[in-house]
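Dumped input39.txt below, it's compact mmCIF, C-alpha atoms:
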# COMPACT_ATOMS: atom_id res chain seq x y z
CA MET A 334 -28.93 -7.52 4.63
CA VAL A 335 -27.04 -7.38 7.92
CA GLU A 336 -29.36 -9.99 9.47
CA GLU A 337 -29.02 -12.31 6.46
CA LEU A 338 -25.22 -12.02 6.54
CA ALA A 339 -25.21 -12.81 10.24
CA GLN A 340 -27.23 -15.96 9.56
CA ALA A 341 -24.83 -16.93 6.79
CA ASP A 342 -21.92 -16.38 9.16
CA GLU A 343 -23.50 -18.73 11.69
CA ALA A 344 -24.04 -21.37 9.00
CA VAL A 345 -20.42 -21.16 7.87
CA ALA A 346 -19.21 -21.24 11.46
CA ALA A 347 -21.13 -24.46 11.97
CA CYS A 348 -19.20 -26.01 9.06
CA VAL A 349 -15.79 -25.01 10.38
CA ASP A 350 -15.79 -27.65 13.09
CA ASP A 351 -17.24 -30.41 10.91
CA ALA A 352 -14.81 -33.26 10.34
CA ALA A 353 -13.75 -33.22 6.68
CA TRP A 354 -12.11 -36.61 7.13
CA ALA A 355 -15.52 -38.23 7.68
CA LEU A 356 -16.74 -37.29 4.18
CA THR A 357 -16.62 -39.68 1.26
CA GLU A 358 -14.52 -38.62 -1.70
CA ASP A 359 -17.60 -37.53 -3.65
CA GLU A 360 -18.91 -35.58 -0.65
CA LEU A 361 -15.49 -33.97 -0.14
CA VAL A 362 -15.35 -32.71 -3.73
CA ALA A 363 -18.98 -31.56 -3.59
CA ALA A 364 -18.29 -29.65 -0.36
CA LEU A 365 -15.26 -27.97 -1.92
CA ASP A 366 -17.31 -26.92 -4.96
CA ALA A 367 -20.06 -25.56 -2.70
CA ALA A 368 -17.62 -23.63 -0.51
CA HIS A 369 -15.90 -22.13 -3.56
CA ARG A 370 -19.24 -21.13 -5.11
CA LEU A 371 -20.32 -19.53 -1.83
CA GLU A 372 -17.03 -17.63 -1.67
CA GLN A 373 -17.66 -16.06 -5.09
CA ARG A 374 -21.27 -15.13 -4.23
CA LEU A 375 -20.11 -13.49 -1.01
CA ALA A 376 -17.48 -11.63 -3.04
CA ALA A 377 -20.30 -10.18 -5.16
CA VAL A 378 -21.98 -8.92 -1.98
CA THR A 379 -18.68 -7.47 -0.72
CA LEU A 380 -18.09 -5.64 -4.01
CA ALA A 381 -21.58 -4.14 -3.91
CA LEU A 382 -20.94 -2.86 -0.37
CA VAL A 383 -17.53 -1.47 -1.35
CA ARG A 384 -19.09 0.36 -4.28
CA GLU A 385 -21.73 1.95 -2.04
CA ILE A 386 -19.13 2.99 0.56
CA ASP A 387 -16.99 4.50 -2.19
CA GLY A 388 -19.96 6.31 -3.73
CA ARG A 389 -21.03 7.83 -0.41
CA GLY A 390 -17.54 9.12 0.38
CA THR A 391 -17.52 7.29 3.70
CA ALA A 392 -13.74 6.83 3.66
CA ARG A 393 -12.90 10.51 3.21
CA ALA A 394 -15.53 11.51 5.75
CA GLN A 395 -13.68 9.36 8.30
CA GLY A 396 -10.31 10.90 7.49
CA ALA A 397 -8.84 8.43 4.99
CA SER A 398 -7.26 9.71 1.79
CA SER A 399 -9.16 7.17 -0.34
CA THR A 400 -11.51 4.21 -0.09
CA ALA A 401 -8.57 1.87 -0.77
CA VAL A 402 -6.63 3.23 2.22
CA TRP A 403 -9.76 3.00 4.39
CA LEU A 404 -10.27 -0.64 3.34
CA ARG A 405 -6.63 -1.39 4.14
CA GLU A 406 -7.20 -0.21 7.69
CA ARG A 407 -10.69 -1.66 8.08
CA LEU A 408 -10.20 -5.08 6.47
CA ARG A 409 -6.44 -5.48 7.01
CA LEU A 410 -5.71 -5.60 3.28
CA THR A 411 -2.69 -4.39 1.38
CA VAL A 412 -3.30 -1.14 -0.48
CA PRO A 413 -2.87 -2.78 -3.93
CA ALA A 414 -5.43 -5.47 -3.00
CA ALA A 415 -7.82 -2.83 -1.66
CA ARG A 416 -7.39 -0.71 -4.78
CA ARG A 417 -8.16 -3.69 -7.01
CA LEU A 418 -11.30 -4.30 -4.93
CA VAL A 419 -12.48 -0.71 -5.43
CA ASP A 420 -11.72 -0.80 -9.16
CA LEU A 421 -13.55 -4.09 -9.68
CA ALA A 422 -16.55 -2.87 -7.66
CA ALA A 423 -16.77 0.18 -9.92
CA ALA A 424 -16.36 -1.91 -13.08
CA LEU A 425 -19.13 -4.32 -12.09
CA ASP A 426 -21.43 -1.47 -11.11
CA THR A 427 -21.02 0.62 -14.24
CA GLY A 428 -20.26 -2.13 -16.78
CA ASN A 429 -22.32 -4.91 -18.31
CA PRO A 430 -24.73 -6.27 -15.64
CA GLY A 431 -24.19 -9.80 -16.91
CA VAL A 432 -20.72 -9.93 -15.35
CA ARG A 433 -22.05 -9.02 -11.92
CA ALA A 434 -24.85 -11.58 -12.29
CA ALA A 435 -22.39 -14.32 -13.25
CA LEU A 436 -20.31 -13.63 -10.15
CA ALA A 437 -23.39 -13.43 -7.92
CA ASN A 438 -24.52 -16.80 -9.25
CA GLY A 439 -21.13 -18.33 -8.50
CA ASP A 440 -20.54 -19.10 -12.18
CA ILE A 441 -17.21 -17.25 -12.30
CA THR A 442 -14.49 -16.35 -9.81
CA VAL A 443 -13.47 -12.86 -8.72
CA ASP A 444 -10.29 -13.01 -10.83
CA GLN A 445 -12.28 -14.20 -13.84
CA ALA A 446 -14.80 -11.41 -13.24
CA ARG A 447 -11.97 -8.87 -13.39
CA VAL A 448 -10.78 -10.30 -16.72
CA ILE A 449 -14.30 -10.44 -18.16
CA ALA A 450 -15.13 -6.90 -17.01
CA ASP A 451 -11.99 -5.53 -18.67
CA THR A 452 -12.61 -7.48 -21.88
CA VAL A 453 -16.32 -6.65 -22.11
CA ALA A 454 -15.59 -2.95 -21.55
CA THR A 455 -13.25 -3.03 -24.55
CA VAL A 456 -15.83 -4.89 -26.65
CA HIS A 457 -18.55 -2.39 -25.71
CA THR A 458 -16.34 0.54 -26.73
CA THR A 459 -15.33 -1.14 -29.97
CA ALA A 460 -18.44 -2.99 -31.13
CA GLY A 461 -21.38 -1.77 -29.06
CA ALA A 462 -23.75 -3.09 -26.40
CA GLN A 463 -25.08 -6.07 -28.36
CA ALA A 464 -21.59 -7.48 -28.95
CA ALA A 465 -20.75 -6.84 -25.29
CA ASP A 466 -23.75 -8.91 -24.20
CA LYS A 467 -22.60 -11.76 -26.43
CA ALA A 468 -19.07 -11.45 -25.05
CA VAL A 469 -20.32 -11.91 -21.49
CA GLY A 470 -22.00 -15.18 -22.46
CA VAL A 471 -18.99 -16.51 -24.36
CA LEU A 472 -16.47 -15.57 -21.67
CA THR A 473 -18.67 -16.95 -18.90
CA ASP A 474 -18.85 -20.26 -20.74
CA TRP A 475 -15.10 -20.24 -21.20
CA SER A 476 -14.63 -19.57 -17.49
CA GLY A 477 -15.72 -23.12 -16.78
CA GLN A 478 -12.64 -24.36 -18.65
CA PHE A 479 -9.93 -21.72 -18.42
CA ASP A 480 -8.13 -19.92 -15.60
CA PRO A 481 -7.95 -16.09 -15.55
CA THR A 482 -4.55 -15.92 -17.29
CA LEU A 483 -5.63 -18.02 -20.27
CA LEU A 484 -9.05 -16.37 -20.28
CA ARG A 485 -7.40 -12.97 -20.73
CA LYS A 486 -5.34 -14.28 -23.64
CA LEU A 487 -8.44 -15.75 -25.28
CA GLY A 488 -10.28 -12.49 -24.65
CA THR A 489 -7.94 -10.61 -26.99
CA ARG A 490 -9.66 -12.41 -29.89
CA ILE A 491 -13.18 -12.40 -28.49
CA LEU A 492 -14.45 -10.30 -31.41
CA ASP A 493 -13.75 -13.21 -33.74
CA HIS A 494 -16.68 -14.87 -31.98
CA VAL A 495 -19.08 -11.98 -31.28
CA ALA A 496 -18.31 -9.46 -34.07
CA PRO A 497 -16.14 -11.07 -36.75
CA ASP A 498 -16.75 -8.25 -39.24
CA ILE A 499 -14.74 -5.78 -37.15
CA ALA A 500 -12.40 -8.21 -35.38
CA ASP A 501 -9.22 -7.21 -37.18
CA ALA A 502 -9.76 -3.49 -36.70
CA ALA A 503 -10.58 -4.02 -33.04
CA ALA A 504 -7.53 -6.16 -32.32
CA HIS A 505 -5.41 -3.02 -32.30
CA ALA A 506 -7.82 -1.34 -29.87
CA ALA A 507 -7.64 -4.39 -27.60
CA LEU A 508 -3.86 -4.22 -27.53
CA GLU A 509 -4.01 -0.54 -26.61
CA ALA A 510 -6.50 -1.34 -23.85
CA GLU A 511 -4.15 -4.01 -22.51
CA ALA A 512 -1.34 -1.44 -22.48
CA ARG A 513 -3.55 0.93 -20.49
CA ARG A 514 -4.34 -1.83 -18.00
CA ALA A 515 -0.64 -2.59 -17.65
CA SER A 516 -0.02 1.06 -16.87
CA ARG A 517 -2.90 1.12 -14.37
CA ASP A 518 -1.77 -2.04 -12.59
CA ARG A 519 1.87 -1.01 -12.18
CA HIS A 520 2.88 -0.88 -8.53
CA LEU A 521 5.69 -1.51 -6.11
CA THR A 522 4.98 -2.57 -2.53
CA LEU A 523 7.52 -2.33 0.29
CA SER A 524 6.44 -4.53 3.22
CA THR A 525 8.33 -4.27 6.51
CA LEU A 526 8.98 -7.66 8.11
CA SER A 527 9.03 -8.16 11.88
CA ASP A 528 12.84 -8.23 12.01
CA GLY A 529 13.32 -4.98 10.10
CA ARG A 530 13.95 -6.48 6.68
CA LEU A 531 11.95 -5.37 3.66
CA ARG A 532 9.98 -7.49 1.17
CA LEU A 533 9.66 -6.03 -2.32
CA THR A 534 6.72 -7.10 -4.48
CA GLY A 535 5.19 -5.47 -7.49
CA VAL A 536 4.61 -5.36 -11.22
CA LEU A 537 6.69 -3.13 -13.51
CA ASP A 538 5.47 -1.91 -16.87
CA SER A 539 7.57 -2.86 -19.90
CA GLU A 540 9.50 0.39 -20.04
CA THR A 541 10.41 0.36 -16.35
CA ALA A 542 11.32 -3.33 -16.55
CA GLY A 543 13.74 -2.50 -19.33
CA LEU A 544 15.27 0.33 -17.32
CA LEU A 545 15.73 -1.89 -14.27
CA ARG A 546 17.31 -4.70 -16.24
CA ALA A 547 19.64 -2.31 -18.06
CA ALA A 548 20.78 -0.84 -14.74
CA ILE A 549 20.94 -3.98 -12.63
CA ASP A 550 22.17 -6.67 -15.02
CA PRO A 551 25.76 -5.38 -15.26
CA LEU A 552 25.98 -5.47 -11.45
CA THR A 553 24.67 -9.02 -11.03
CA ALA A 554 27.58 -10.90 -12.58
CA PRO A 555 29.48 -13.24 -10.21
CA ASN A 556 32.63 -11.78 -8.71
CA GLY A 557 34.55 -14.81 -9.97
CA PRO A 558 34.30 -18.59 -10.13
CA ASP A 559 34.32 -18.82 -6.34
CA ASP A 560 31.46 -16.32 -5.74
CA PRO A 561 29.17 -18.18 -3.26
CA ARG A 562 26.14 -15.92 -3.78
CA THR A 563 22.96 -17.24 -5.37
CA PRO A 564 21.46 -15.34 -8.35
CA GLY A 565 18.84 -13.87 -6.02
CA GLN A 566 21.50 -12.67 -3.61
CA ARG A 567 23.48 -11.11 -6.47
CA ARG A 568 20.37 -9.20 -7.61
CA HIS A 569 19.83 -8.03 -4.04
CA ASP A 570 23.40 -6.74 -3.81
CA ALA A 571 23.11 -5.11 -7.24
CA LEU A 572 20.04 -3.18 -6.07
CA ALA A 573 21.98 -2.04 -3.00
CA ASP A 574 24.79 -0.84 -5.30
CA LEU A 575 22.29 1.10 -7.42
CA CYS A 576 20.94 2.84 -4.31
CA ARG A 577 24.44 3.77 -3.16
CA LEU A 578 25.32 5.16 -6.57
CA THR A 579 22.09 7.16 -6.69
CA LEU A 580 22.61 8.68 -3.24
CA ARG A 581 26.03 9.91 -4.33
CA THR A 582 24.51 12.02 -7.09
CA THR A 583 23.13 15.52 -6.61
CA ASP A 584 20.05 14.88 -8.74
CA LEU A 585 17.68 13.52 -6.08
CA PRO A 586 14.98 15.87 -4.71
CA GLU A 587 15.43 17.21 -1.20
CA HIS A 588 13.64 15.75 1.82
CA GLY A 589 12.32 18.59 3.94
CA GLY A 590 15.10 20.93 2.85
CA ASP A 591 17.93 18.40 3.24
CA PRO A 592 19.71 16.35 0.59
CA ALA A 593 18.85 12.66 0.33
CA GLN A 594 20.81 10.87 3.02
CA ILE A 595 20.83 8.00 5.49
CA VAL A 596 20.54 9.03 9.14
CA VAL A 597 21.87 6.66 11.79
CA THR A 598 20.92 7.30 15.41
CA THR A 599 22.82 6.10 18.45
CA SER A 600 22.63 6.91 22.15
CA PHE A 601 25.09 9.25 23.83
CA ASP A 602 26.66 6.38 25.76
CA ALA A 603 27.12 4.37 22.59
CA LEU A 604 28.54 7.43 20.84
CA ALA A 605 31.06 7.85 23.63
CA ARG A 606 32.13 4.25 23.05
CA GLN A 607 32.95 5.15 19.43
CA LEU A 608 29.74 3.83 17.85
CA ASP A 609 27.80 0.77 18.87
CA ALA A 610 24.50 -0.58 17.51
CA GLY A 611 22.42 2.10 15.79
CA THR A 612 18.99 2.80 14.33
CA LEU A 613 18.08 4.10 10.87
CA ASP A 614 15.55 6.92 10.55
CA THR A 615 13.14 4.26 9.21
CA GLY A 616 13.22 2.54 12.61
CA PHE A 617 15.32 -0.44 11.51
CA HIS A 618 18.11 -1.52 13.85
CA LEU A 619 21.68 -2.00 12.66
CA THR A 620 24.48 -4.04 14.15
CA ALA A 621 27.58 -2.31 15.45
CA GLU A 622 29.55 -3.68 12.50
CA THR A 623 27.07 -2.18 10.01
CA VAL A 624 27.14 1.20 11.73
CA ARG A 625 30.94 1.23 11.63
CA ARG A 626 30.89 0.30 7.95
CA LEU A 627 28.44 3.06 7.10
CA ALA A 628 30.54 5.53 9.08
CA CYS A 629 33.50 4.83 6.78
CA ASP A 630 31.70 6.20 3.72
CA ALA A 631 28.96 8.54 4.96
CA THR A 632 28.38 11.91 6.48
CA ILE A 633 27.46 11.21 10.10
CA LEU A 634 24.42 13.20 11.23
CA PRO A 635 24.29 12.63 15.00
CA ALA A 636 21.00 12.92 16.82
CA VAL A 637 22.08 12.60 20.44
CA LEU A 638 19.33 11.15 22.60
CA GLY A 639 18.79 11.16 26.34
CA GLY A 640 18.11 8.09 28.43
CA THR A 641 14.39 8.00 27.62
CA GLY A 642 14.79 8.82 23.93
CA GLN A 643 14.12 12.58 23.94
CA VAL A 644 16.03 14.68 21.45
CA LEU A 645 18.23 16.98 23.54
CA ASP A 646 19.17 19.64 20.99
CA VAL A 647 17.78 20.33 17.53
CA GLY A 648 19.02 23.86 16.80
CA ARG A 649 17.59 27.38 16.94
CA GLN A 650 13.95 28.32 16.55
CA ARG A 651 12.59 29.49 13.20
CA ARG A 652 9.36 29.35 11.22
CA LEU A 653 10.36 26.56 8.80
CA ILE A 654 10.94 23.10 10.23
CA THR A 655 14.09 22.00 8.40
CA GLY A 656 17.56 20.71 9.12
CA PRO A 657 18.20 19.26 12.61
CA LEU A 658 14.67 20.00 13.80
CA ARG A 659 13.07 18.08 10.94
CA ARG A 660 15.47 15.18 11.46
CA ALA A 661 14.44 15.08 15.11
CA LEU A 662 10.76 15.14 14.06
CA VAL A 663 11.35 12.22 11.67
CA LEU A 664 13.09 10.27 14.41
CA ARG A 665 10.09 10.76 16.68
CA ASP A 666 7.12 10.28 14.30
CA ARG A 667 8.78 8.06 11.63
CA GLY A 668 6.15 9.04 9.07
CA CYS A 669 2.68 10.58 8.89
CA ALA A 670 1.41 10.51 12.47
CA PHE A 671 -2.31 10.49 11.55
CA PRO A 672 -4.03 7.26 12.69
CA GLY A 673 -4.03 4.57 10.01
CA CYS A 674 -1.59 6.29 7.64
CA ASP A 675 1.57 4.48 6.55
CA ARG A 676 3.14 7.21 4.41
CA PRO A 677 6.88 7.62 5.06
CA PRO A 678 8.69 10.82 6.17
CA ARG A 679 9.67 11.90 2.67
CA TRP A 680 5.96 12.31 1.82
CA CYS A 681 5.27 14.44 4.88
CA ASP A 682 5.05 18.09 5.86
CA ALA A 683 5.90 19.42 9.30
CA HIS A 684 2.73 20.83 10.86
CA HIS A 685 2.68 23.36 13.70
CA ILE A 686 0.25 22.07 16.34
CA HIS A 687 -0.28 25.65 17.56
CA HIS A 688 -0.04 27.68 14.36
CA TRP A 689 3.10 29.76 13.97
CA ALA A 690 1.05 32.77 12.85
CA ASP A 691 -0.89 32.54 16.12
CA GLY A 692 2.23 32.62 18.25
CA GLY A 693 3.18 28.97 18.11
CA THR A 694 6.85 28.17 18.42
CA THR A 695 8.95 26.19 15.94
CA THR A 696 9.96 23.46 18.33
CA LEU A 697 9.72 19.71 18.47
CA THR A 698 6.98 19.93 21.13
CA ASN A 699 4.84 22.01 18.75
CA ALA A 700 5.33 19.94 15.59
CA VAL A 701 3.95 16.78 14.01
CA LEU A 702 4.64 15.02 10.70
CA LEU A 703 1.64 14.79 8.36
CA CYS A 704 1.34 13.65 4.75
CA GLY A 705 -0.17 16.13 2.32
CA HIS A 706 -3.67 14.64 2.53
CA HIS A 707 -3.82 14.54 6.32
CA HIS A 708 -2.17 17.95 6.62
CA ARG A 709 -5.04 19.39 4.59
CA HIS A 710 -7.57 17.21 6.41
CA LEU A 711 -6.45 18.48 9.82
CA HIS A 712 -6.67 22.11 8.71
CA HIS A 713 -10.17 21.78 7.23
CA ASN A 714 -11.91 19.31 9.55
CA ASP A 715 -12.76 18.91 13.22
CA TRP A 716 -9.86 16.66 14.17
CA THR A 717 -7.35 18.04 16.70
CA VAL A 718 -3.82 16.91 17.55
CA ARG A 719 -1.79 17.16 20.72
CA LEU A 720 1.29 15.61 22.27
CA ALA A 721 0.53 12.99 24.91
CA GLY A 722 2.42 12.65 28.16
CA ASP A 723 5.04 10.43 26.54
CA GLY A 724 5.82 13.10 23.93
CA HIS A 725 4.16 11.35 20.97
CA PRO A 726 1.25 12.81 18.99
CA GLU A 727 -2.32 11.67 19.43
CA PHE A 728 -5.39 12.76 17.52
CA ILE A 729 -8.86 13.56 18.89
CA PRO A 730 -11.63 12.60 16.44
CA PRO A 731 -14.66 14.86 15.99
CA ALA A 732 -17.70 14.12 18.12
CA TRP A 733 -19.78 13.09 15.10
CA LEU A 734 -17.30 10.29 14.39
CA ASP A 735 -16.68 9.25 18.00
CA PRO A 736 -19.01 10.71 20.64
CA ASN A 737 -16.49 9.75 23.35
CA GLN A 738 -13.65 11.40 21.41
CA ILE A 739 -11.13 8.79 22.50
CA PRO A 740 -7.60 9.79 21.38
CA ARG A 741 -6.15 7.76 18.52
CA ARG A 742 -2.57 7.07 17.51
CA ASN A 743 -0.73 5.82 14.48
CA HIS A 744 0.32 2.19 14.95
CA TYR A 745 2.00 1.67 11.59
CA HIS A 746 5.16 3.53 12.58
CA HIS A 747 4.97 2.77 16.31
CA ARG A 748 3.72 -0.77 16.84
CA THR A 749 4.10 -0.92 20.61
Starting from the coordinates I provided, produce the structure as structure tokens.
Amino acid sequence: MVEELAQADEAVAACVDDAAWALTEDELVAALDAAHRLEQRLAAVTLALVREIDGRGTARAQGASSTAVWLRERLRLTVPAARRLVDLAAALDTGNPGVRAALANGDITVDQARVIADTVATVHTTAGAQAADKAVGVLTDWSGQFDPTLLRKLGTRILDHVAPDIADAAAHAALEAEARRASRDRHLTLSTLSDGRLRLTGVLDSETAGLLRAAIDPLTAPNGPDDPRTPGQRRHDALADLCRLTLRTTDLPEHGGDPAQIVVTTSFDALARQLDAGTLDTGFHLTAETVRRLACDATILPAVLGGTGQVLDVGRQRRLITGPLRRALVLRDRGCAFPGCDRPPRWCDAHHIHHWADGGTTTLTNAVLLCGHHHRHLHHNDWTVRLAGDGHPEFIPPAWLDPNQIPRRNHYHHRT
């Protein structure tokens, strides 16, 4: 397979430099159809490979918490996109083989395959294998006319075509299946932009959507006829107000033994100048004006840094890494330090590099932030961790994974 894929890669590469402008209109459309068909057939190959990797446990063997996280690192995907890839690979492998064949033949797209797989699974559960086979044929035919959104709507009444005698009874089951899919597909993605801003994307289920609207709508009204903000800007500011109100309550869970709070870091020189530009514990930079505004209505938790960024004082030694010491650890690691992990500090445990029970000290130089999965992984596998010369953690992979055992670092929290 590897040799055949390499040959296909060479063939596609040869087309990249071809001049599309030289084609006639008929040739241009035919080339587009051919490229699109090839894309779907390659997707079928990719899904088969993903399914095999997932089945073998390759991702966990290499230290990832799941195949989706491993794919995110390997293929540079978002986690939601990688998770959908794993789910579709499983559905095509265990579901009706006709769906996989239709995708492999280029008769349907990946998005249509996802809709058909979901619909056929419901039909199989409700009406049996024979009706499911008929549903594949009907939906595949419809795919030549309808996009995935309309195809899913039509699929809710597919039993009218393949099993009319039980269609009414099954309609309720189809609605319940759709509700389960909505619950499965719910997600919220926070993507850090290059300038420190955050892009929010996601899909909320109906209940959560109602909660958000009930909470945010009263805060989105214009401040008067002269309010210059756009509706989108008003929703942004309303979300900020919700976060401020929530942080003022005492109902949030603690983060490493401390109440939920915003930590702003500034250098000693800037502190002596009565606050200048600062940095959040997430790594985002704030202007001097923002720092001063936050200081008016916040408990200031100073983490005084030396000229090269070392934390100078984090408190007395103890077994548990909490309080000032944990805040210093968050400032240094910014999240799970294991290579390829993007989990934030609030999901992380503080791990003693040299175990406390074996005489290890509770100090910043003997600690590293790890999410629950990688904390367990480090304790039960052959990976080792140490602090490099610059004071940041690096991980040594086992020899079976990397015979040269070249140290690896996390580049999601530290991109330089």
*Can you tell me how far atom CA of A:Arg546 sits from atom CA of A:Thr525, in Å to one decimal?*
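Going from atom CA of A:Arg546 over to atom CA of A:Thr525 covers 24.5 Å.
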*In Å, rounded to a single decimal, give me how far atom CA of A:Arg568 is from atom CA of A:Ala554.*
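Separation between atom CA of A:Ala554 and atom CA of A:Arg568: 8.9 Å.
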_Rounded to one decimal, what separation in Å do you get between atom CA of A:Ala500 and atom CA of A:Thr442?_
26.9 Å
With a cut-off of 12 Å, could you pull out the residues of stretch 394-477 of chain A touching stretch 530-541 of chain A and give me the nearest pair of atoms for each, distance in Å to one decimal, using all atoms listed in the file, ordered by chain and ascending number, as JSON lines?
{"residue": "A:Thr411", "atom": "CA", "partner": "A:Thr534", "partner_atom": "CA", "distance": 11.4}
{"residue": "A:Val412", "atom": "CA", "partner": "A:Gly535", "partner_atom": "CA", "distance": 11.8}
{"residue": "A:Pro413", "atom": "CA", "partner": "A:Gly535", "partner_atom": "CA", "distance": 9.2}
{"residue": "A:Ala414", "atom": "CA", "partner": "A:Gly535", "partner_atom": "CA", "distance": 11.5}
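Surrounding residues of (-18.9, -11.7, -35.1) at most 12 Å away are Val456, Ala460, Gly461, Gln463, Ala464, Ala465, Lys467, Ala468, Val471, Arg490, Ile491, Leu492, Asp493, His494, Val495, Ala496, Pro497, Asp498, Ile499, Ala500, Asp501 and Ala503 of chain A (based on all atoms listed in the file).
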*asked:* Report as a PyMOL selection string all protein, DNA and RNA residues lying within 9 Å of stretch 667-682 of chain A, evaluated on all atoms listed in the file, omitting residues in the same chain fewer than 3 positions from it.
replied: chain A and resi 396-398+402-403+405-406+587-589+614-616+654+662-664+701-705+707-708+718+725-728+741-747
*asked:* as a count of residues only, please: the residues near stretch 474-479 of chain A (cut-off 10 Å, all atoms listed in the file, same-chain neighbours under 2 positions excluded).
replied: 18
